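J.: Sharing model11.txt, compact mmCIF, C-alpha atoms:
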# COMPACT_ATOMS: atom_id res chain seq x y z
CA MET D 1 0.00 0.00 0.00
CA THR D 2 1.47 3.35 -1.00
CA SER D 3 1.85 6.09 1.63
CA GLU D 4 -0.73 8.86 1.63
CA SER D 5 0.21 12.24 0.20
CA VAL D 6 -0.23 15.49 2.14
CA GLN D 7 -3.29 16.36 0.04
CA HIS D 8 -4.79 12.91 0.62
CA ARG D 9 -4.47 13.23 4.41
CA LYS D 10 -5.83 16.79 4.37
CA ILE D 11 -8.95 15.76 2.44
CA LYS D 12 -9.42 12.83 4.80
CA GLU D 13 -9.33 15.17 7.81
CA ILE D 14 -11.76 17.67 6.28
CA VAL D 15 -14.28 15.05 5.17
CA SER D 16 -14.14 13.20 8.50
CA GLU D 17 -14.69 16.42 10.46
CA LYS D 18 -17.59 17.54 8.27
CA LEU D 19 -19.35 14.15 8.39
CA LYS D 20 -19.34 14.39 12.17
CA GLU D 21 -20.62 17.99 12.04
CA TRP D 22 -23.38 17.42 9.44
CA THR D 23 -24.70 13.99 10.43
CA GLY D 24 -23.40 13.17 13.89
CA ALA D 25 -21.75 10.16 12.29
CA THR D 26 -19.31 8.05 14.26
CA LEU D 27 -16.08 7.44 12.34
CA GLN D 28 -14.81 3.89 12.25
CA GLU D 29 -11.66 2.11 11.18
CA TYR D 30 -12.78 -0.31 8.52
CA PRO D 31 -10.03 -2.41 6.92
CA SER D 32 -11.19 -4.45 3.94
CA SER D 33 -9.20 -6.94 1.85
CA GLY D 34 -5.96 -5.54 3.19
CA HIS D 35 -6.92 -1.95 2.29
CA GLU D 36 -8.09 0.50 4.93
CA LEU D 37 -11.03 2.51 3.61
CA ASP D 38 -10.27 6.25 3.61
CA VAL D 39 -13.37 7.42 5.50
CA PHE D 40 -16.02 5.06 6.83
CA ALA D 41 -18.71 6.43 9.14
CA VAL D 42 -22.11 5.44 10.49
CA THR D 43 -24.88 7.94 11.31
CA PRO D 44 -26.96 7.67 14.53
CA THR D 45 -29.76 6.12 12.41
CA GLY D 46 -27.45 3.38 11.12
CA ILE D 47 -26.72 4.69 7.60
CA SER D 48 -23.15 3.82 6.62
CA ILE D 49 -21.08 6.29 4.57
CA TYR D 50 -17.93 5.41 2.62
CA VAL D 51 -15.69 8.07 1.05
CA GLU D 52 -12.79 6.86 -1.09
CA ILE D 53 -10.01 9.35 -1.95
CA ILE D 54 -8.01 8.59 -5.10
CA TRP D 55 -5.00 10.87 -5.36
CA SER D 56 -2.39 8.76 -7.14
CA SER D 57 -3.08 8.62 -10.88
CA SER D 58 -1.46 5.20 -11.38
CA ARG D 59 -3.63 2.72 -13.25
CA SER D 60 -3.24 -0.08 -10.70
CA ASN D 61 -4.18 2.24 -7.84
CA PHE D 62 -7.27 3.55 -9.65
CA PHE D 63 -8.65 0.13 -10.58
CA ARG D 64 -7.92 -1.23 -7.10
CA ASP D 65 -10.01 1.58 -5.62
CA MET D 66 -12.82 0.91 -8.11
CA SER D 67 -12.77 -2.66 -6.84
CA MET D 68 -13.02 -1.45 -3.23
CA ILE D 69 -16.04 0.69 -4.06
CA GLN D 70 -17.92 -2.18 -5.67
CA THR D 71 -17.18 -4.64 -2.87
CA SER D 72 -18.13 -2.22 -0.08
CA ASP D 73 -21.55 -2.69 1.54
CA ALA D 74 -21.87 0.95 2.66
CA ASN D 75 -25.25 2.58 1.97
CA VAL D 76 -23.73 5.87 0.79
CA LYS D 77 -20.64 6.04 -1.45
CA LEU D 78 -18.60 9.00 -2.71
CA VAL D 79 -15.30 9.21 -4.56
CA VAL D 80 -12.94 12.18 -4.26
CA ALA D 81 -10.28 12.46 -6.98
CA SER D 82 -7.16 14.45 -7.79
CA PRO D 83 -6.96 16.83 -10.77
CA LYS D 84 -4.85 14.24 -12.64
CA ILE D 85 -7.56 11.61 -12.22
CA LEU D 86 -10.25 14.07 -13.36
CA SER D 87 -8.28 14.89 -16.51
CA LYS D 88 -8.22 11.27 -17.71
CA THR D 89 -11.21 10.34 -19.89
CA GLU D 90 -10.61 6.62 -19.41
CA TYR D 91 -10.85 6.92 -15.62
CA ARG D 92 -13.95 9.09 -15.76
CA ARG D 93 -15.73 6.63 -18.05
CA GLN D 94 -14.81 3.64 -15.87
CA PHE D 95 -16.08 5.50 -12.81
CA GLU D 96 -19.40 6.33 -14.55
CA LYS D 97 -19.90 2.65 -15.34
CA VAL D 98 -19.26 1.69 -11.71
CA ALA D 99 -21.59 4.43 -10.42
CA ILE D 100 -24.45 3.29 -12.67
CA SER D 101 -24.06 -0.34 -11.62
CA GLN D 102 -24.04 0.65 -7.94
CA ARG D 103 -27.17 2.81 -8.22
CA ARG D 104 -28.99 -0.05 -9.96
CA LEU D 105 -28.30 -2.13 -6.84
CA ASN D 106 -29.90 0.63 -4.71
CA PHE D 107 -26.63 1.98 -3.30
CA ALA D 108 -26.75 5.77 -2.92
CA MET D 109 -23.64 6.66 -4.93
CA HIS D 110 -22.81 10.11 -6.23
CA GLY D 111 -22.55 9.98 -10.02
CA ASP D 112 -19.55 12.30 -10.43
CA LEU D 113 -15.97 12.26 -9.23
CA ILE D 114 -15.63 15.04 -6.62
CA ASP D 115 -12.76 17.48 -7.13
CA GLY D 116 -10.39 17.00 -4.17
CA GLU D 117 -8.54 20.24 -4.94
CA LYS D 118 -11.76 22.17 -4.27
CA ILE D 119 -12.21 20.45 -0.91
CA ILE D 120 -8.75 21.68 0.13
CA THR D 121 -8.85 25.20 -1.30
CA GLU D 122 -12.52 26.25 -1.39
CA PRO D 123 -14.34 26.27 1.99
CA LYS D 124 -17.54 27.45 0.25
CA PHE D 125 -17.49 24.33 -1.95
CA VAL D 126 -17.30 22.14 1.16
CA LYS D 127 -19.95 24.08 3.06
CA LYS D 128 -22.45 24.24 0.21
CA ASP D 129 -21.78 21.74 -2.61
CA LEU D 130 -20.20 18.84 -0.71
CA ARG D 131 -22.73 19.11 2.12
CA SER D 132 -25.59 19.10 -0.41
CA ILE D 133 -24.20 15.96 -2.06
CA VAL D 134 -23.78 14.08 1.23
CA MET D 135 -27.17 15.05 2.69
CA GLY D 136 -28.92 14.30 -0.61
CA LEU D 137 -27.50 10.75 -0.68
CA ILE D 138 -28.49 10.18 2.94
CA GLU D 139 -32.02 11.37 2.15
CA TYR D 140 -32.12 8.91 -0.77
CA VAL D 141 -31.33 6.07 1.65
CA LYS D 142 -34.00 7.26 4.07
CA ILE D 143 -36.59 7.18 1.27
CA ARG D 144 -35.54 3.92 -0.37
CA GLY D 145 -34.39 2.11 2.75
CA LYS D 146 -31.03 0.56 3.57
CA VAL D 147 -31.73 -2.78 1.88
CA VAL D 148 -29.65 -3.17 -1.26
CA GLY D 149 -29.81 -5.66 -4.09
CA VAL D 150 -27.71 -8.77 -4.25
CA ARG D 151 -24.49 -7.58 -5.77
CA ALA D 152 -23.18 -9.33 -8.84
CA GLU D 153 -19.83 -10.92 -8.22
CA PHE D 154 -17.09 -8.51 -9.09
CA GLU D 155 -13.75 -9.54 -10.45
CA PRO D 156 -11.16 -6.78 -10.15
CA PRO D 157 -9.88 -5.76 -13.59
CA THR D 158 -6.71 -7.50 -14.62
CA PRO D 159 -3.90 -5.07 -15.51
CA PRO D 160 -3.55 -5.08 -19.31
CA SER D 161 -0.68 -6.88 -20.95
CA ALA D 162 1.82 -4.99 -23.09
CA ASP D 163 -0.23 -5.71 -26.21
CA GLU D 164 -3.69 -5.12 -24.77
CA ILE D 165 -5.44 -1.82 -25.58
CA THR D 166 -8.51 -0.43 -23.88
CA GLU D 167 -11.03 1.23 -26.17
CA GLN D 168 -14.09 3.22 -25.17
CA LEU D 169 -17.37 1.99 -26.65
CA LEU D 170 -19.64 5.04 -26.69
CA SER D 171 -23.40 4.71 -26.43
CA ASN D 172 -26.14 7.14 -27.45
CA LEU D 173 -27.41 7.38 -23.85
CA PHE D 174 -26.75 10.54 -21.85
CA PRO D 175 -27.31 10.15 -18.07
CA VAL D 176 -29.87 12.39 -16.37
CA LYS D 177 -28.04 13.72 -13.31
CA LYS D 178 -30.79 15.76 -11.69
CA TYR D 179 -34.53 16.33 -12.02
CA PRO D 180 -37.31 17.96 -9.95
CA THR D 181 -38.12 16.03 -6.79
CA THR D 182 -41.73 17.20 -6.52
CA ILE D 183 -44.77 17.08 -8.81
CA PHE D 184 -47.61 19.51 -8.10
CA SER D 185 -51.23 19.09 -9.15
CA GLY D 186 -54.44 21.05 -8.76
CA PRO D 187 -58.11 20.62 -9.79
CA THR D 188 -59.05 22.07 -13.17
CA THR D 189 -62.06 22.08 -15.46
CA ILE D 190 -59.85 22.14 -18.55
CA ARG D 191 -59.48 18.77 -20.28
CA SER D 192 -56.92 19.25 -23.06
CA ALA D 193 -53.46 20.73 -23.50
CA ARG D 194 -54.74 22.82 -26.41
CA SER D 195 -57.30 24.47 -24.15
CA VAL D 196 -54.61 25.24 -21.59
CA TYR D 197 -52.54 27.00 -24.27
CA GLU D 198 -55.61 28.91 -25.47
CA LYS D 199 -56.25 30.15 -21.93
CA LEU D 200 -52.68 30.95 -20.86
CA GLY D 201 -50.73 31.55 -24.09
CA ASP D 202 -47.00 32.29 -23.96
CA LYS D 203 -46.89 32.29 -20.15
CA ILE D 204 -46.49 28.50 -20.19
CA ALA D 205 -44.47 28.23 -23.40
CA HIS D 206 -41.52 26.55 -21.65
CA ILE D 207 -43.22 24.75 -18.72
CA PRO D 208 -44.29 21.09 -19.16
CA PHE D 209 -47.74 20.15 -17.84
CA LEU D 210 -50.27 17.32 -18.09
CA PRO D 211 -54.06 17.75 -17.78
CA LYS D 212 -55.46 14.38 -16.66
CA ASN D 213 -58.34 13.07 -14.52
CA LYS D 214 -59.66 16.60 -13.90
CA ARG D 215 -56.31 17.72 -12.51
CA LEU D 216 -53.31 19.57 -13.94
CA TYR D 217 -49.86 18.10 -13.18
CA THR D 218 -46.64 20.09 -13.45
CA PHE D 219 -43.22 20.64 -11.87
CA ASP D 220 -44.15 24.30 -11.37
CA ASP D 221 -44.97 25.17 -7.75
CA LEU D 222 -48.73 25.77 -7.86
CA ARG D 223 -48.68 27.10 -4.28
CA LYS D 224 -46.90 30.28 -5.35
CA SER D 225 -48.72 33.38 -6.48
CA SER D 226 -46.29 33.64 -9.42
CA SER D 227 -47.43 30.34 -10.98
CA PRO D 228 -48.87 31.00 -14.47
CA PHE D 229 -51.35 28.11 -14.03
CA LEU D 230 -53.34 29.76 -11.21
CA PRO D 231 -56.10 31.14 -13.51
CA ILE D 232 -57.19 27.61 -14.49
CA ILE D 233 -56.87 25.65 -11.22
CA SER D 234 -58.59 25.62 -7.84
CA GLU D 235 -56.01 26.68 -5.28
CA GLY D 236 -57.71 25.00 -2.32
CA ASN D 237 -56.66 21.45 -3.19
CA ILE D 238 -53.00 21.57 -4.29
CA VAL D 239 -51.31 18.16 -3.95
CA MET D 240 -47.56 17.54 -3.78
CA GLU D 241 -46.15 14.13 -4.77
CA LYS D 242 -42.59 12.82 -4.78
CA THR D 243 -41.09 12.15 -8.18
CA SER D 244 -39.44 9.06 -6.67
CA ASP D 245 -42.90 7.61 -5.93
CA TRP D 246 -43.97 8.10 -9.53
CA ILE D 247 -40.84 6.28 -10.68
CA CYS D 248 -41.80 3.24 -8.60
CA GLU D 249 -45.32 2.97 -10.05
CA GLU D 250 -45.52 1.88 -13.69
CA TYR D 251 -48.65 3.82 -14.66
CA ARG D 252 -47.25 6.95 -13.00
CA ARG D 253 -43.89 6.44 -14.66
CA ASN D 254 -45.53 6.79 -18.10
CA ASP D 255 -46.95 10.18 -17.09
CA LEU D 256 -43.57 11.22 -15.69
CA THR D 257 -41.86 10.25 -18.95
CA TYR D 258 -44.44 12.34 -20.81
CA LEU D 259 -43.63 15.40 -18.66
CA PHE D 260 -39.88 14.91 -19.09
CA ASN D 261 -40.13 14.54 -22.87
CA LEU D 262 -42.47 17.50 -23.15
CA ALA D 263 -39.79 19.51 -21.34
CA VAL D 264 -37.22 18.29 -23.90
CA ARG D 265 -39.51 19.32 -26.75
CA LYS D 266 -40.09 22.80 -25.32
CA TYR D 267 -36.35 23.23 -24.72
CA CYS D 268 -35.52 22.22 -28.30
CA GLN D 269 -38.06 24.63 -29.71
CA LYS D 270 -36.45 27.37 -27.64
CA ARG D 271 -33.14 26.32 -29.24
CA GLU D 272 -34.86 27.05 -32.58
CA LEU D 273 -35.20 23.41 -33.63
CA TYR D 274 -38.25 22.41 -35.67
CA TYR D 275 -40.27 19.45 -34.38
CA ASP D 276 -41.26 17.05 -37.14
CA LYS D 277 -44.37 15.37 -35.68
CA ASP D 278 -44.66 12.75 -38.43
CA HIS D 279 -41.19 11.35 -37.69
CA ARG D 280 -40.93 12.50 -34.04
CA ARG D 281 -37.59 14.19 -34.57
CA PHE D 282 -36.05 17.61 -34.14
CA VAL D 283 -34.59 19.37 -37.18
CA CYS D 284 -32.00 22.15 -37.40
CA ARG D 285 -33.21 25.20 -39.34
CA LEU D 286 -31.50 27.75 -41.53
CA LYS D 287 -30.46 30.95 -39.80
CA ASN D 288 -31.96 34.01 -41.48
CA GLU D 289 -32.33 31.91 -44.65
CA ARG D 290 -28.59 31.24 -44.64
CA THR D 291 -26.33 28.42 -43.54
CA ASN D 292 -26.58 27.72 -39.82
CA PHE D 293 -23.13 27.00 -38.34
CA PHE D 294 -22.18 25.42 -35.03
CA VAL D 295 -18.58 25.71 -33.82
CA TRP D 296 -17.24 23.29 -31.22
CA ARG D 297 -14.11 21.46 -30.18
CA PRO D 298 -14.55 17.66 -30.25
CA GLU D 299 -10.87 17.04 -29.40
CA THR D 300 -7.97 19.49 -29.54
CA LYS D 301 -9.02 21.57 -32.55
CA PHE D 302 -12.12 23.59 -33.22
CA ALA D 303 -14.53 22.23 -35.83
CA THR D 304 -17.33 23.94 -37.72
CA ARG D 305 -20.53 22.06 -38.56
CA ARG D 306 -23.06 23.17 -41.14
CA ILE D 307 -26.10 22.00 -39.25
CA ALA D 308 -28.50 23.43 -41.85
CA THR D 309 -27.46 24.57 -45.32
CA LEU D 310 -28.68 25.01 -48.88
CA VAL D 311 -26.81 22.97 -51.48
CA ARG D 312 -26.58 24.88 -54.75
CA ALA D 313 -25.76 24.06 -58.35
CA GLU D 314 -22.92 25.80 -60.22
CA ASP D 315 -25.35 28.43 -61.47
CA GLY D 316 -26.37 29.26 -57.90
CA ASN D 317 -29.81 27.68 -57.99
CA VAL D 318 -30.84 25.75 -54.90
CA LEU D 319 -30.73 21.97 -55.37
CA TYR D 320 -31.94 21.04 -51.87
CA GLY D 321 -31.57 21.87 -48.18
CA ARG D 322 -29.61 19.54 -45.88
CA HIS D 323 -30.45 19.55 -42.19
CA TYR D 324 -29.09 17.79 -39.11
CA ALA D 325 -31.88 16.03 -37.22
CA ALA D 326 -32.30 13.68 -34.27
CA ARG D 327 -34.87 11.78 -32.27
CA LEU D 328 -34.50 12.90 -28.65
CA ARG D 329 -36.34 11.22 -25.82
CA ILE D 330 -35.83 10.53 -22.14
CA VAL D 331 -36.08 6.84 -21.29
CA PHE D 332 -35.90 4.66 -18.19
CA ILE D 333 -33.40 1.83 -17.87
CA ASP D 334 -34.41 0.13 -14.62
CA SER D 335 -34.87 3.16 -12.35
CA ASP D 336 -32.22 5.31 -14.03
CA LEU D 337 -33.03 8.05 -16.52
CA PHE D 338 -31.18 8.72 -19.78
CA LEU D 339 -31.60 11.02 -22.74
CA LYS D 340 -31.49 8.80 -25.84
CA ILE D 341 -30.17 10.56 -28.95
CA GLU D 342 -30.65 9.00 -32.40
CA PRO D 343 -29.05 11.34 -34.97
CA THR D 344 -29.93 11.44 -38.66
CA MET D 345 -30.34 13.92 -41.52
CA THR D 346 -33.32 15.22 -43.40
CA PHE D 347 -33.73 17.23 -46.61
CA THR D 348 -35.95 20.01 -47.94
CA TYR D 349 -36.58 21.64 -51.31
CA ASP D 350 -35.76 25.13 -50.11
CA GLY D 351 -34.90 24.95 -46.41
CA HIS D 352 -38.55 24.60 -45.42
CA ARG D 353 -40.64 22.22 -47.56
CA PRO D 354 -39.81 18.52 -46.97
CA ILE D 355 -38.62 16.58 -50.02
CA GLN D 356 -40.93 13.81 -51.23
CA ALA D 357 -40.08 10.24 -50.28
CA LYS D 358 -38.95 9.13 -53.76
CA ARG D 359 -36.18 11.73 -54.04
CA LEU D 360 -35.47 11.63 -50.31
CA ALA D 361 -34.30 8.01 -50.54
CA SER D 362 -31.46 8.84 -52.94
CA LEU D 363 -30.25 11.75 -50.78
CA MET D 364 -30.38 9.65 -47.61
CA SER D 365 -28.33 6.90 -49.26
CA ARG D 366 -25.76 9.50 -50.38
CA TYR D 367 -25.15 10.97 -46.91
CA LEU D 368 -26.13 8.53 -44.19
CA PRO D 369 -23.68 5.69 -44.99
CA LYS D 370 -20.96 8.18 -44.04
CA GLN D 371 -22.46 8.51 -40.56
CA TYR D 372 -21.81 4.99 -39.26
CA ASN D 373 -19.16 3.78 -36.79
CA ASN D 374 -16.78 6.56 -35.67
CA ALA D 375 -18.55 9.23 -37.71
CA TYR D 376 -21.92 8.23 -36.26
CA LEU D 377 -20.58 8.37 -32.71
CA ASP D 378 -19.07 11.77 -33.44
CA PHE D 379 -22.54 12.80 -34.59
CA VAL D 380 -24.00 11.60 -31.26
CA THR D 381 -21.36 13.54 -29.31
CA PHE D 382 -22.09 16.64 -31.39
CA TRP D 383 -25.74 16.63 -30.30
CA GLY D 384 -24.71 16.48 -26.65
CA LYS D 385 -22.53 19.57 -27.10
CA PHE D 386 -25.09 21.39 -29.23
CA LEU D 387 -27.93 20.86 -26.76
CA SER D 388 -25.73 21.87 -23.81
CA LYS D 389 -24.41 24.98 -25.59
CA LEU D 390 -20.90 23.56 -24.99
CA ASP D 391 -21.51 23.32 -21.24
CA ALA D 392 -20.90 20.27 -19.03
CA ASN D 393 -24.65 19.70 -18.69
CA ILE D 394 -27.77 20.04 -20.80
CA SER D 395 -29.97 22.21 -18.55
CA ILE D 396 -33.66 21.96 -19.41
CA PRO D 397 -35.97 24.35 -17.52
CA VAL D 398 -39.21 22.92 -16.11
CA GLY D 399 -40.57 25.96 -14.31
CA GLU D 400 -38.46 27.04 -11.37
CA GLY D 401 -36.28 23.89 -11.49
CA THR D 402 -34.28 22.12 -14.20
CA ILE D 403 -33.52 18.71 -15.61
CA GLU D 404 -29.72 18.32 -15.73
CA ILE D 405 -28.30 15.88 -18.29
CA ASP D 406 -24.62 15.08 -18.78
CA SER D 407 -23.42 16.42 -22.14
CA ASN D 408 -21.20 13.33 -22.58
CA PRO D 409 -22.64 9.90 -23.42
CA ILE D 410 -22.14 6.79 -21.32
CA ALA D 411 -19.10 4.78 -22.43
CA THR D 412 -17.89 1.27 -21.63
CA PRO D 413 -14.18 0.36 -21.67
CA VAL D 414 -13.41 -2.82 -23.63
CA ALA D 415 -10.01 -4.50 -23.84
CA VAL D 416 -8.91 -5.54 -27.32
CA GLY D 417 -5.75 -7.11 -28.71
CA ILE D 418 -3.84 -10.35 -28.15
CA ALA D 419 -2.65 -10.77 -24.57
CA LYS D 420 1.09 -11.34 -24.12
CA GLU D 421 1.62 -11.56 -27.86
CA ARG D 422 5.08 -9.98 -27.56
CA GLY D 423 6.17 -12.52 -25.00
CA SER D 424 5.28 -15.54 -27.14
For this file, write the structure as structure tokens.

T.:
Amino acid sequence: MTSESVQHRKIKEIVSEKLKEWTGATLQEYPSSGHELDVFAVTPTGISIYVEIIWSSSRSNFFRDMSMIQTSDANVKLVVASPKILSKTEYRRQFEKVAISQRRLNFAMHGDLIDGEKIITEPKFVKKDLRSIVMGLIEYVKIRGKVVGVRAEFEPPTPPSADEITEQLLSNLFPVKKYPTTIFSGPTTIRSARSVYEKLGDKIAHIPFLPKNKRLYTFDDLRKSSSPFLPIISEGNIVMEKTSDWICEEYRRNDLTYLFNLAVRKYCQKRELYYDKDHRRFVCRLKNERTNFFVWRPETKFATRRIATLVRAEDGNVLYGRHYAARLRIVFIDSDLFLKIEPTMTFTYDGHRPIQAKRLASLMSRYLPKQYNNAYLDFVTFWGKFLSKLDANISIPVGEGTIEIDSNPIATPVAVGIAKERGS
């Protein structure tokens, strides 16, 4: 076991002290498989908390600690990492995979690596952000209970041989990191969404809602005088329900998915995307009747995408319009939420009128074969960056709160190559 660095010990001290202060937790020495867990504490109500601090960026150290996290039976799990760890895409992707698997087993595990440098240098981060993370995970355990699923047997990753290469297999699923915890409803005489729009107009242009069973459901706080829905509901019977309860009930989950996807649709329309109802996809438009550009940096260099453009003949006449498009929908996998992105292209006569199916087929066959494999995955990544406006998260407003979606897709590391080929 390598000796702890100064930073490692400092983080350990800060986290231990704050756990005692925030939760009244009793700190315990907890050796496991020859490795002493960094911080292991138990609250007065019996909720166990495990904080692993990974400061060394060596591969063997990182994967050993991932093994410790998956074999621990603590109810709450957090991982604090050094700047070097945070800078490595491979490590971040492996951590995301571990976090998803742990949450599926009902462990309350924070889905992001926590920046250890901030814990040392930014007291406000500790007081506000770190405390919010810890207390939120504890609340999750209180709601769901401390019983966790039977863990699948975990075999610690074998260090790769000299010839083995780890590749990242990207998916088209983007994890939902945060969503409103409360759904509000109130009695209403209005029966259809169209009638709601007719009554309230632009006031609710970007707020998802569902009129059903003589009630109106929304993430907007109907108790507040600022709610735009007050003119059409009876204020005397406002009901608040936990989003987590809706997730657990199948018929409620369908309504919740509807609200989430309506929020996505409203957000995309605000981003000036056209919604094609016939094909349930969002289409990039021209900008002031000219080519619409999007500039981003997929790797080290900036790239420019023509997300909507008119293709012209040599004489300048318009041949057709080419537009980036995608099906975007929030889906459940077990109890976890993801934004599923299925990119494609579509074509118009002049930037507006869709091309008829007969001619469309030839254009699709000309462009779409180029979008498979690496190019297709690059297309998926592009949509994450476009929707997030190059931020770390896609932030979709739902009234006063937001749905926060990671702008990077889930990836799975896969080892390829012939083991020990050079030694044979």

J.: In Å, rounded to a single decimal, give me how far CA of Tyr179 (chain D) is from CA of Lys214 (chain D).

T.: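 Separating CA of Lys214 (chain D) from CA of Tyr179 (chain D) is a distance of 25.2 Å.
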
J.: Neighbouring residues of region 38-51 of chain D were defined as those with any atom within 10 Å, considering all atoms listed in the file; residues of the same chain fewer than 2 positions away were excluded. Please report them as JSON, numbers by chain.

T.: {"D": [8, 9, 11, 12, 13, 15, 16, 19, 20, 22, 23, 24, 25, 26, 27, 28, 29, 30, 31, 35, 36, 53, 54, 69, 72, 73, 74, 75, 76, 77, 78, 79, 80, 108, 109, 134, 137, 138, 141, 142, 145, 146]}

J.: Write the residues you've just listed into a file as a PDB file, in the coordinates of the input, and include C-alpha atoms for each of them.

T.:
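Final output, saved to again-v2.pdb:
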ATOM      1  CA  HIS D   8      -4.790  12.910   0.620  1.00  0.00           C
ATOM      2  CA  ARG D   9      -4.470  13.230   4.410  1.00  0.00           C
ATOM      3  CA  ILE D  11      -8.950  15.760   2.440  1.00  0.00           C
ATOM      4  CA  LYS D  12      -9.420  12.830   4.800  1.00  0.00           C
ATOM      5  CA  GLU D  13      -9.330  15.170   7.810  1.00  0.00           C
ATOM      6  CA  VAL D  15     -14.280  15.050   5.170  1.00  0.00           C
ATOM      7  CA  SER D  16     -14.140  13.200   8.500  1.00  0.00           C
ATOM      8  CA  LEU D  19     -19.350  14.150   8.390  1.00  0.00           C
ATOM      9  CA  LYS D  20     -19.340  14.390  12.170  1.00  0.00           C
ATOM     10  CA  TRP D  22     -23.380  17.420   9.440  1.00  0.00           C
ATOM     11  CA  THR D  23     -24.700  13.990  10.430  1.00  0.00           C
ATOM     12  CA  GLY D  24     -23.400  13.170  13.890  1.00  0.00           C
ATOM     13  CA  ALA D  25     -21.750  10.160  12.290  1.00  0.00           C
ATOM     14  CA  THR D  26     -19.310   8.050  14.260  1.00  0.00           C
ATOM     15  CA  LEU D  27     -16.080   7.440  12.340  1.00  0.00           C
ATOM     16  CA  GLN D  28     -14.810   3.890  12.250  1.00  0.00           C
ATOM     17  CA  GLU D  29     -11.660   2.110  11.180  1.00  0.00           C
ATOM     18  CA  TYR D  30     -12.780  -0.310   8.520  1.00  0.00           C
ATOM     19  CA  PRO D  31     -10.030  -2.410   6.920  1.00  0.00           C
ATOM     20  CA  HIS D  35      -6.920  -1.950   2.290  1.00  0.00           C
ATOM     21  CA  GLU D  36      -8.090   0.500   4.930  1.00  0.00           C
ATOM     22  CA  ILE D  53     -10.010   9.350  -1.950  1.00  0.00           C
ATOM     23  CA  ILE D  54      -8.010   8.590  -5.100  1.00  0.00           C
ATOM     24  CA  ILE D  69     -16.040   0.690  -4.060  1.00  0.00           C
ATOM     25  CA  SER D  72     -18.130  -2.220  -0.080  1.00  0.00           C
ATOM     26  CA  ASP D  73     -21.550  -2.690   1.540  1.00  0.00           C
ATOM     27  CA  ALA D  74     -21.870   0.950   2.660  1.00  0.00           C
ATOM     28  CA  ASN D  75     -25.250   2.580   1.970  1.00  0.00           C
ATOM     29  CA  VAL D  76     -23.730   5.870   0.790  1.00  0.00           C
ATOM     30  CA  LYS D  77     -20.640   6.040  -1.450  1.00  0.00           C
ATOM     31  CA  LEU D  78     -18.600   9.000  -2.710  1.00  0.00           C
ATOM     32  CA  VAL D  79     -15.300   9.210  -4.560  1.00  0.00           C
ATOM     33  CA  VAL D  80     -12.940  12.180  -4.260  1.00  0.00           C
ATOM     34  CA  ALA D 108     -26.750   5.770  -2.920  1.00  0.00           C
ATOM     35  CA  MET D 109     -23.640   6.660  -4.930  1.00  0.00           C
ATOM     36  CA  VAL D 134     -23.780  14.080   1.230  1.00  0.00           C
ATOM     37  CA  LEU D 137     -27.500  10.750  -0.680  1.00  0.00           C
ATOM     38  CA  ILE D 138     -28.490  10.180   2.940  1.00  0.00           C
ATOM     39  CA  VAL D 141     -31.330   6.070   1.650  1.00  0.00           C
ATOM     40  CA  LYS D 142     -34.000   7.260   4.070  1.00  0.00           C
ATOM     41  CA  GLY D 145     -34.390   2.110   2.750  1.00  0.00           C
ATOM     42  CA  LYS D 146     -31.030   0.560   3.570  1.00  0.00           C
TER      43      LYS D 146
END

J.: Smallest atom-to-atom distance to Asp334 (chain D): which of D:Arg252, D:Arg64, D:Arg103, D:Lys385, using only C-alpha atoms?

T.: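 Smallest separation from Asp334 (chain D) among the options: D:Arg103.
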
J.: Work out how far apart CA of Tyr349 (chain D) and CA of Arg306 (chain D) are and give it in Å to one decimal.

T.: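 Value for the CA of Tyr349 (chain D)-CA of Arg306 (chain D) distance: 17.0 Å.
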
J.: As lines of an AutoDock Vina configuration file, please: the centre and edge lengths in Å, to one decimal, of an axis-aligned box enclosing every listed atom of region 277-290 of chain D with 4 Å added on each side.

T.:
center_x = -36.6
center_y = 22.7
center_z = -39.3
size_x = 24.1
size_y = 30.7
size_z = 18.6
